[in-house]
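Structure data (mmCIF, C-alpha atoms and all ligand atoms) from target_22.cif:
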```cif
data_final
loop_
_atom_site.label_atom_id
_atom_site.label_comp_id
_atom_site.auth_asym_id
_atom_site.auth_seq_id
_atom_site.Cartn_x
_atom_site.Cartn_y
_atom_site.Cartn_z
CA MET R 1 99.20 96.44 79.08
CA LEU R 2 99.03 97.23 82.80
CA THR R 3 96.66 95.54 85.24
CA VAL R 4 96.20 97.22 88.60
CA THR R 5 94.48 95.86 91.72
CA PRO R 6 93.96 97.49 95.10
CA VAL R 7 95.39 96.18 98.35
CA PRO R 8 93.42 98.01 101.05
CA ALA R 9 95.44 98.93 104.16
CA PHE R 10 94.94 100.91 107.36
CA SER R 11 91.61 102.75 107.39
CA ASP R 12 91.58 104.25 103.89
CA ASN R 13 94.85 103.57 102.01
CA TYR R 14 95.15 101.69 98.76
CA LEU R 15 98.49 100.02 98.05
CA TRP R 16 98.39 99.41 94.29
CA LEU R 17 99.62 96.06 93.03
CA ALA R 18 100.24 95.96 89.29
CA HIS R 19 101.62 93.74 86.54
CA GLY R 20 102.22 93.84 82.80
CA ASN R 21 101.72 91.01 80.36
CA ASP R 22 103.47 88.56 82.71
CA ALA R 23 101.02 88.24 85.62
CA GLY R 24 103.68 86.55 87.76
CA ARG R 25 105.88 89.66 88.04
CA ALA R 26 104.45 92.39 90.23
CA LEU R 27 105.16 95.93 91.25
CA VAL R 28 103.60 97.73 94.18
CA VAL R 29 103.12 101.45 94.67
CA ASP R 30 103.51 103.01 98.13
CA PRO R 31 103.50 99.87 100.30
CA GLY R 32 102.76 101.37 103.72
CA ASP R 33 102.09 97.89 105.12
CA ALA R 34 104.23 94.87 104.15
CA ARG R 35 101.88 92.22 105.57
CA ALA R 36 98.96 93.23 103.34
CA VAL R 37 101.22 93.11 100.25
CA VAL R 38 102.78 89.75 101.18
CA ASP R 39 99.31 88.23 101.58
CA ALA R 40 98.11 89.68 98.27
CA LEU R 41 101.23 88.41 96.43
CA ALA R 42 100.80 84.92 97.89
CA GLY R 43 97.10 84.89 97.04
CA ALA R 44 97.82 85.87 93.43
CA GLY R 45 100.94 83.73 93.02
CA MET R 46 103.04 86.78 92.15
CA ALA R 47 106.70 87.64 92.79
CA LEU R 48 107.41 91.25 93.75
CA GLU R 49 110.07 92.81 91.50
CA VAL R 50 109.62 96.55 91.91
CA ILE R 51 108.47 99.09 94.50
CA LEU R 52 107.51 102.60 93.38
CA VAL R 53 107.38 105.28 96.08
CA THR R 54 105.63 108.63 95.56
CA HIS R 55 106.59 110.34 98.84
CA HIS R 56 108.08 109.70 102.26
CA HIS R 57 105.03 109.53 104.56
CA PRO R 58 104.87 106.38 106.75
CA ASP R 59 101.56 105.17 105.31
CA HIS R 60 103.37 105.02 101.93
CA VAL R 61 106.81 103.65 102.87
CA GLY R 62 106.20 101.75 106.14
CA GLY R 63 106.42 98.34 104.46
CA VAL R 64 109.31 99.07 102.07
CA ALA R 65 112.24 97.74 104.15
CA ASP R 66 110.41 94.54 105.11
CA LEU R 67 109.33 93.88 101.50
CA VAL R 68 112.87 94.44 100.22
CA ALA R 69 114.21 92.01 102.84
CA ARG R 70 111.64 89.36 101.90
CA THR R 71 111.61 89.72 98.11
CA GLY R 72 114.72 91.63 97.00
CA ALA R 73 112.46 94.03 95.07
CA ARG R 74 114.13 97.09 93.49
CA VAL R 75 112.95 100.43 94.86
CA TYR R 76 112.42 103.70 92.98
CA GLY R 77 111.60 106.84 94.94
CA PRO R 78 111.69 110.64 94.94
CA ALA R 79 115.24 111.99 94.64
CA ARG R 80 114.54 114.76 97.16
CA GLU R 81 113.11 112.55 99.90
CA GLN R 82 114.14 109.75 102.28
CA VAL R 83 112.99 106.17 101.67
CA PRO R 84 113.78 103.53 104.35
CA ALA R 85 115.76 101.24 101.98
CA PRO R 86 118.37 101.70 99.27
CA PHE R 87 116.56 103.14 96.24
CA THR R 88 117.05 104.52 92.76
CA PRO R 89 116.29 108.25 93.02
CA VAL R 90 113.98 109.62 90.33
CA ARG R 91 112.81 113.12 89.42
CA GLY R 92 110.57 114.78 86.86
CA GLY R 93 111.64 113.97 83.30
CA ASP R 94 113.16 110.60 84.27
CA ALA R 95 111.74 107.32 83.01
CA VAL R 96 111.51 104.14 85.06
CA GLU R 97 112.29 101.34 82.60
CA LEU R 98 111.23 97.86 83.68
CA PRO R 99 112.13 95.62 80.73
CA SER R 100 111.57 92.35 82.61
CA MET R 101 107.96 93.44 83.13
CA GLN R 102 107.63 95.17 79.73
CA LEU R 103 106.65 98.36 81.54
CA ARG R 104 107.84 101.94 81.49
CA PHE R 105 106.75 104.96 83.51
CA ASP R 106 107.51 108.64 83.12
CA VAL R 107 108.23 110.48 86.36
CA ILE R 108 106.40 113.76 87.00
CA ASP R 109 107.43 116.16 89.78
CA VAL R 110 104.36 117.02 91.85
CA PRO R 111 105.58 118.93 94.93
CA GLY R 112 103.06 120.42 97.35
CA HIS R 113 101.84 117.69 99.71
CA THR R 114 105.53 116.97 100.35
CA ALA R 115 108.55 118.81 98.95
CA GLY R 116 109.77 116.04 96.65
CA HIS R 117 106.55 114.17 95.80
CA VAL R 118 106.63 112.41 92.41
CA ALA R 119 103.99 110.68 90.26
CA TYR R 120 104.47 107.78 87.84
CA TYR R 121 102.69 107.87 84.47
CA GLY R 122 102.53 105.08 81.91
CA HIS R 123 100.23 102.68 80.08
CA GLY R 124 97.29 105.08 80.47
CA VAL R 125 97.65 105.17 84.24
CA VAL R 126 99.02 107.67 86.75
CA PHE R 127 100.04 106.76 90.30
CA CYS R 128 99.85 110.10 92.06
CA GLY R 129 100.10 109.25 95.79
CA ASP R 130 98.60 112.02 97.90
CA THR R 131 98.65 114.80 95.28
CA LEU R 132 95.35 114.41 93.40
CA PHE R 133 92.37 112.60 94.96
CA SER R 134 88.93 112.20 93.48
CA ALA R 135 87.21 115.53 94.14
CA GLY R 136 90.13 116.63 96.30
CA CYS R 137 93.88 117.08 96.67
CA GLY R 138 96.52 116.46 99.32
CA ARG R 139 97.09 118.84 102.19
CA LEU R 140 99.99 121.24 101.82
CA PHE R 141 102.37 119.87 104.45
CA GLU R 142 105.65 120.91 102.85
CA GLY R 143 104.79 122.95 99.77
CA THR R 144 103.16 126.19 98.71
CA PRO R 145 99.85 126.75 96.92
CA GLU R 146 101.87 127.82 93.85
CA GLN R 147 103.70 124.50 93.80
CA MET R 148 100.57 122.41 94.36
CA LEU R 149 98.58 124.22 91.68
CA ALA R 150 101.44 123.68 89.20
CA SER R 151 101.57 120.00 90.19
CA LEU R 152 97.82 119.59 89.71
CA ASP R 153 98.05 121.43 86.37
CA ALA R 154 100.72 118.92 85.26
CA LEU R 155 98.41 116.02 86.13
CA ALA R 156 95.42 117.74 84.49
CA ALA R 157 97.47 117.99 81.27
CA LEU R 158 97.49 114.18 80.94
CA PRO R 159 94.94 112.68 78.51
CA ASP R 160 91.34 112.77 79.77
CA ASP R 161 91.03 108.97 79.79
CA THR R 162 94.10 108.55 82.06
CA ARG R 163 93.15 106.37 85.01
CA VAL R 164 94.12 108.05 88.28
CA TYR R 165 95.30 105.74 91.06
CA CYS R 166 95.60 107.88 94.17
CA ALA R 167 96.53 106.42 97.54
CA HIS R 168 93.41 107.07 99.63
CA GLU R 169 89.67 106.42 99.54
CA TYR R 170 88.63 109.97 100.42
CA THR R 171 86.08 110.39 97.65
CA LEU R 172 82.79 110.71 99.55
CA ALA R 173 84.17 113.17 102.12
CA ASN R 174 85.80 115.17 99.33
CA LEU R 175 82.52 115.26 97.42
CA ARG R 176 80.69 116.75 100.41
CA PHE R 177 83.11 119.66 100.30
CA ALA R 178 83.11 119.93 96.50
CA MET R 179 79.31 120.18 96.48
CA THR R 180 79.55 123.05 98.96
CA VAL R 181 81.83 124.89 96.54
CA GLU R 182 79.85 124.06 93.38
CA PRO R 183 76.33 122.94 94.38
CA GLU R 184 75.00 123.33 90.83
CA ASN R 185 77.62 121.17 89.10
CA PRO R 186 75.68 118.23 87.56
CA ASP R 187 78.82 116.09 87.20
CA LEU R 188 79.37 116.37 90.94
CA ARG R 189 75.84 115.18 91.72
CA ALA R 190 76.17 112.25 89.32
CA TRP R 191 79.55 111.17 90.70
CA GLN R 192 78.30 111.58 94.28
CA GLN R 193 75.45 109.13 93.60
CA GLU R 194 77.69 106.66 91.81
CA ALA R 195 80.43 106.86 94.45
CA ALA R 196 77.92 106.42 97.29
CA SER R 197 76.56 103.30 95.63
CA LEU R 198 80.09 101.91 95.10
CA ARG R 199 81.04 102.52 98.73
CA ALA R 200 77.78 100.98 99.99
CA ARG R 201 78.97 97.76 98.29
CA ASP R 202 82.54 98.28 99.61
CA VAL R 203 83.86 98.82 96.05
CA PRO R 204 86.70 101.36 95.58
CA THR R 205 85.82 104.63 93.82
CA ILE R 206 89.41 104.59 92.53
CA PRO R 207 90.61 104.75 89.82
CA THR R 208 88.97 107.94 88.73
CA THR R 209 89.98 109.66 85.46
CA ILE R 210 91.64 112.96 84.61
CA GLY R 211 88.59 113.86 82.48
CA ARG R 212 86.18 113.37 85.36
CA GLU R 213 88.36 115.28 87.80
CA LYS R 214 88.60 118.23 85.42
CA ARG R 215 84.78 118.37 85.38
CA LEU R 216 84.23 118.25 89.13
CA ASN R 217 87.35 118.56 91.31
CA PRO R 218 87.37 122.10 92.79
CA PHE R 219 91.16 122.00 93.09
CA LEU R 220 91.46 121.58 89.31
CA ARG R 221 88.87 124.31 88.73
CA ALA R 222 90.41 127.44 90.27
CA ARG R 223 90.04 129.10 86.85
CA VAL R 224 86.30 128.35 86.58
CA ALA R 225 84.18 131.44 87.25
CA GLY R 226 81.74 129.71 89.64
CA VAL R 227 84.56 128.24 91.73
CA ARG R 228 86.30 131.59 91.89
CA ARG R 229 83.06 133.27 93.01
CA ALA R 230 82.55 130.68 95.76
CA ALA R 231 86.15 131.13 96.98
CA GLU R 232 85.74 134.92 96.97
CA ALA R 233 82.48 134.66 98.93
CA HIS R 234 84.22 132.44 101.48
CA ALA R 235 87.25 134.76 101.69
CA GLY R 236 85.09 137.89 101.80
CA ALA R 237 87.52 139.45 99.33
CA SER R 238 88.27 139.39 95.64
CA LEU R 239 90.95 136.92 94.61
CA ALA R 240 93.22 138.17 91.87
CA SER R 241 94.81 134.96 90.57
CA PRO R 242 94.13 131.25 90.15
CA VAL R 243 96.76 130.60 92.87
CA ALA R 244 94.86 132.86 95.28
CA VAL R 245 91.61 131.03 94.44
CA PHE R 246 93.29 127.65 94.87
CA ALA R 247 94.87 128.69 98.18
CA GLU R 248 91.50 129.88 99.51
CA ILE R 249 89.77 126.63 98.53
CA ARG R 250 92.55 124.60 100.19
CA ARG R 251 92.22 126.70 103.39
CA TRP R 252 88.43 126.36 103.27
CA LYS R 253 88.69 122.57 102.97
CA ASP R 254 91.25 122.37 105.80
CA GLY R 255 88.62 123.79 108.16
CA PHE R 256 85.63 121.97 106.63
CA ARG R 257 83.79 119.39 108.74
ZN ZN Z 1 100.99 111.64 102.40
FE FE Z 2 98.91 109.12 102.54
#
```

Mind turning this structure into structure tokens?
Amino acid sequence: MLTVTPVPAFSDNYLWLAHGNDAGRALVVDPGDARAVVDALAGAGMALEVILVTHHHPDHVGGVADLVARTGARVYGPAREQVPAPFTPVRGGDAVELPSMQLRFDVIDVPGHTAGHVAYYGHGVVFCGDTLFSAGCGRLFEGTPEQMLASLDALAALPDDTRVYCAHEYTLANLRFAMTVEPENPDLRAWQQEAASLRARDVPTIPTTIGREKRLNPFLRARVAGVRRAAEAHAGASLASPVAVFAEIRRWKDGFR
């Protein structure tokens, strides 16, 4: 069993603190800020054993070196990226085995936001960093639309009840865009109302689930006729492939205010 709790940091990051059956042994995913993690560990009476890194951006690795110095935690990170501490490099197809915590995660390659971005899947949970957000996806800083669509397809292939722990609370802003693409999607309206009520009470909208995201996330729906029509209307041209539809939606969102 895996228990996951959010450690909010910066303006909209979640650093995910998790443990297995032994609640005293913790792992943290993408600790951009050491202070927030140290406080959360102290408050919960946990010892940090493991750090999982999805990609190299500072809001995800900024606290790694300090946490390693304070706790001696072991670090796993993407084989094709830099992490500011010694780390065990992992790539798609690898497994992260954590016997002392009775946990195990499969590594999935999800390039697109960055060139070497990885996700960690296990115990019904996926930690996907800045690849898949609720109703959105990461910007393409280092990858191509082809790569990102393949990465999102790999995540969408996980079981529908998989809980998705992404690294940012972007849900409401993403939903505004998604409803522009698919105004008639009833799942979008329902999630918008629920998410707005959660945020009004300062409750995270994360985790979401793979099943929900398949029903409403435009970036997982490039093959849906209505999404394709909306992308074509925005492009003013017909779009021949799901990659072309995806690329147009990503461009559209990049300029959306
Ligand atoms: Zn990032
Ligand atoms: Fe980020």

**OP:** Write as a ChimeraX atom specification the residues around ligand FE 2 (chain Z), taking 10 Å as the cut-off and counting only C-alpha atoms and all ligand atoms.
**Re:** /R:12-14,30,32,54-61,113,129-131,138-139,166-168

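The neighbours of Leu67 in chain R here are the residues that come within 12 Å of it, using only C-alpha atoms and leaving out any residue fewer than 6 positions away in the same chain; they are R:Leu27, R:Val28, R:Val29, R:Asp30, R:Pro31, R:Gly32, R:Asp33, R:Ala34, R:Arg35, R:Ala36, R:Val37, R:Val38, R:Asp39, R:Leu41, R:Ala47, R:Leu48, R:Glu49, R:Val50, R:Ile51, R:Val61, R:Ala73, R:Arg74, R:Val75, R:Pro84, R:Ala85.
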
Would you mind listing what lies within 10 Å of range 195-212 of chain R as a tab-separated table (two decimals) with C-alpha atoms, in the frame of the given file, with only C-alpha atoms counted and same-chain residues fewer than 2 positions away left out?
```
chain	number	residue	atom	x	y	z
R	4	VAL	CA	96.20	97.22	88.60
R	5	THR	CA	94.48	95.86	91.72
R	6	PRO	CA	93.96	97.49	95.10
R	8	PRO	CA	93.42	98.01	101.05
R	14	TYR	CA	95.15	101.69	98.76
R	124	GLY	CA	97.29	105.08	80.47
R	125	VAL	CA	97.65	105.17	84.24
R	126	VAL	CA	99.02	107.67	86.75
R	127	PHE	CA	100.04	106.76	90.30
R	132	LEU	CA	95.35	114.41	93.40
R	133	PHE	CA	92.37	112.60	94.96
R	134	SER	CA	88.93	112.20	93.48
R	135	ALA	CA	87.21	115.53	94.14
R	155	LEU	CA	98.41	116.02	86.13
R	156	ALA	CA	95.42	117.74	84.49
R	157	ALA	CA	97.47	117.99	81.27
R	158	LEU	CA	97.49	114.18	80.94
R	159	PRO	CA	94.94	112.68	78.51
R	160	ASP	CA	91.34	112.77	79.77
R	161	ASP	CA	91.03	108.97	79.79
R	162	THR	CA	94.10	108.55	82.06
R	163	ARG	CA	93.15	106.37	85.01
R	164	VAL	CA	94.12	108.05	88.28
R	165	TYR	CA	95.30	105.74	91.06
R	166	CYS	CA	95.60	107.88	94.17
R	167	ALA	CA	96.53	106.42	97.54
R	168	HIS	CA	93.41	107.07	99.63
R	169	GLU	CA	89.67	106.42	99.54
R	170	TYR	CA	88.63	109.97	100.42
R	171	THR	CA	86.08	110.39	97.65
R	172	LEU	CA	82.79	110.71	99.55
R	175	LEU	CA	82.52	115.26	97.42
R	187	ASP	CA	78.82	116.09	87.20
R	188	LEU	CA	79.37	116.37	90.94
R	189	ARG	CA	75.84	115.18	91.72
R	190	ALA	CA	76.17	112.25	89.32
R	191	TRP	CA	79.55	111.17	90.70
R	192	GLN	CA	78.30	111.58	94.28
R	193	GLN	CA	75.45	109.13	93.60
R	214	LYS	CA	88.60	118.23	85.42
R	215	ARG	CA	84.78	118.37	85.38
R	216	LEU	CA	84.23	118.25	89.13
R	217	ASN	CA	87.35	118.56	91.31
R	220	LEU	CA	91.46	121.58	89.31
```

**OP:** Find the residues near Asp153 in chain R: any atom within 12 Å, counting all atoms listed in the file, skip ones fewer than 5 places away on the same chain, and give them as JSON, numbers by chain.
**Re:** {"R": [108, 109, 110, 111, 131, 132, 137, 145, 146, 147, 148, 158, 210, 213, 214, 219, 220, 221, 222, 223, 242, 243, 246]}

Original post:
Out of R:Met46, R:Leu140, R:Leu15, R:Ala119, which residue has the shortest atom-to-atom distance to Tyr76 in chain R when counting all atoms listed in the file?
Top reply: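 Between R:Met46, R:Leu140, R:Leu15, R:Ala119, the residue approaching Tyr76 in chain R most closely is R:Ala119.
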
**OP:** Could you tell me how far CA of Phe141 in chain R lies from CA of Phe256 in chain R, in Å and to one decimal?
**Re:** 17.0 Å

**OP:** Go through R:His117, R:Arg257, R:Arg228, R:His234 and flag the residue nearest ligand ZN 1 (chain Z), using all atoms listed in the file for the distances.
**Re:**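 Closest to ligand ZN 1 (chain Z), using all atoms listed in the file: R:His117.
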
Subject >> Between CA of Ala178 in chain R and CA of Arg229 in chain R, distance in Å (one decimal) >> reply: 13.8 Å

Original post:
Mind pulling up the distance from CA of Pro78 in chain R to CA of Glu142 in chain R?
Top reply: 14.3 Å

Range 35-55 of chain R rebuilt with N, CA and C atoms, output as a JSON list (two decimals), in the coordinates of the input:
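Result file is rebuild-v7.json:
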```json
[["chain", "number", "residue", "atom", "x", "y", "z"],
["R", 35, "ARG", "N", 102.71, 93.42, 105.36],
["R", 35, "ARG", "CA", 101.88, 92.22, 105.57],
["R", 35, "ARG", "C", 100.78, 92.13, 104.51],
["R", 36, "ALA", "N", 100.07, 93.23, 104.30],
["R", 36, "ALA", "CA", 98.96, 93.23, 103.34],
["R", 36, "ALA", "C", 99.46, 92.89, 101.93],
["R", 37, "VAL", "N", 100.66, 93.38, 101.59],
["R", 37, "VAL", "CA", 101.22, 93.11, 100.25],
["R", 37, "VAL", "C", 101.66, 91.66, 100.14],
["R", 38, "VAL", "N", 102.32, 91.16, 101.18],
["R", 38, "VAL", "CA", 102.78, 89.75, 101.18],
["R", 38, "VAL", "C", 101.58, 88.82, 101.00],
["R", 39, "ASP", "N", 100.51, 89.07, 101.71],
["R", 39, "ASP", "CA", 99.31, 88.23, 101.58],
["R", 39, "ASP", "C", 98.73, 88.31, 100.18],
["R", 40, "ALA", "N", 98.68, 89.51, 99.61],
["R", 40, "ALA", "CA", 98.11, 89.68, 98.27],
["R", 40, "ALA", "C", 98.98, 88.98, 97.22],
["R", 41, "LEU", "N", 100.31, 89.08, 97.37],
["R", 41, "LEU", "CA", 101.23, 88.41, 96.43],
["R", 41, "LEU", "C", 101.04, 86.90, 96.50],
["R", 42, "ALA", "N", 100.97, 86.37, 97.72],
["R", 42, "ALA", "CA", 100.80, 84.92, 97.89],
["R", 42, "ALA", "C", 99.48, 84.48, 97.28],
["R", 43, "GLY", "N", 98.43, 85.24, 97.55],
["R", 43, "GLY", "CA", 97.10, 84.89, 97.04],
["R", 43, "GLY", "C", 97.06, 84.88, 95.52],
["R", 44, "ALA", "N", 97.84, 85.76, 94.89],
["R", 44, "ALA", "CA", 97.82, 85.87, 93.43],
["R", 44, "ALA", "C", 98.95, 85.07, 92.77],
["R", 45, "GLY", "N", 99.81, 84.47, 93.57],
["R", 45, "GLY", "CA", 100.94, 83.73, 93.02],
["R", 45, "GLY", "C", 101.91, 84.62, 92.27],
["R", 46, "MET", "N", 102.16, 85.82, 92.80],
["R", 46, "MET", "CA", 103.04, 86.78, 92.15],
["R", 46, "MET", "C", 104.35, 86.92, 92.91],
["R", 47, "ALA", "N", 105.42, 87.27, 92.16],
["R", 47, "ALA", "CA", 106.70, 87.64, 92.79],
["R", 47, "ALA", "C", 106.87, 89.15, 92.66],
["R", 48, "LEU", "N", 107.24, 89.79, 93.77],
["R", 48, "LEU", "CA", 107.41, 91.25, 93.75],
["R", 48, "LEU", "C", 108.77, 91.61, 93.18],
["R", 49, "GLU", "N", 108.80, 92.40, 92.12],
["R", 49, "GLU", "CA", 110.07, 92.81, 91.50],
["R", 49, "GLU", "C", 110.41, 94.26, 91.77],
["R", 50, "VAL", "N", 109.37, 95.11, 91.88],
["R", 50, "VAL", "CA", 109.62, 96.55, 91.91],
["R", 50, "VAL", "C", 108.69, 97.23, 92.91],
["R", 51, "ILE", "N", 109.24, 98.22, 93.61],
["R", 51, "ILE", "CA", 108.47, 99.09, 94.50],
["R", 51, "ILE", "C", 108.62, 100.52, 94.00],
["R", 52, "LEU", "N", 107.50, 101.18, 93.75],
["R", 52, "LEU", "CA", 107.51, 102.60, 93.38],
["R", 52, "LEU", "C", 107.00, 103.41, 94.56],
["R", 53, "VAL", "N", 107.75, 104.44, 94.94],
["R", 53, "VAL", "CA", 107.38, 105.28, 96.08],
["R", 53, "VAL", "C", 107.10, 106.69, 95.57],
["R", 54, "THR", "N", 105.96, 107.27, 95.99],
["R", 54, "THR", "CA", 105.63, 108.63, 95.56],
["R", 54, "THR", "C", 106.13, 109.69, 96.53],
["R", 55, "HIS", "N", 106.10, 109.38, 97.84],
["R", 55, "HIS", "CA", 106.59, 110.34, 98.84],
["R", 55, "HIS", "C", 106.84, 109.63, 100.15]]
```
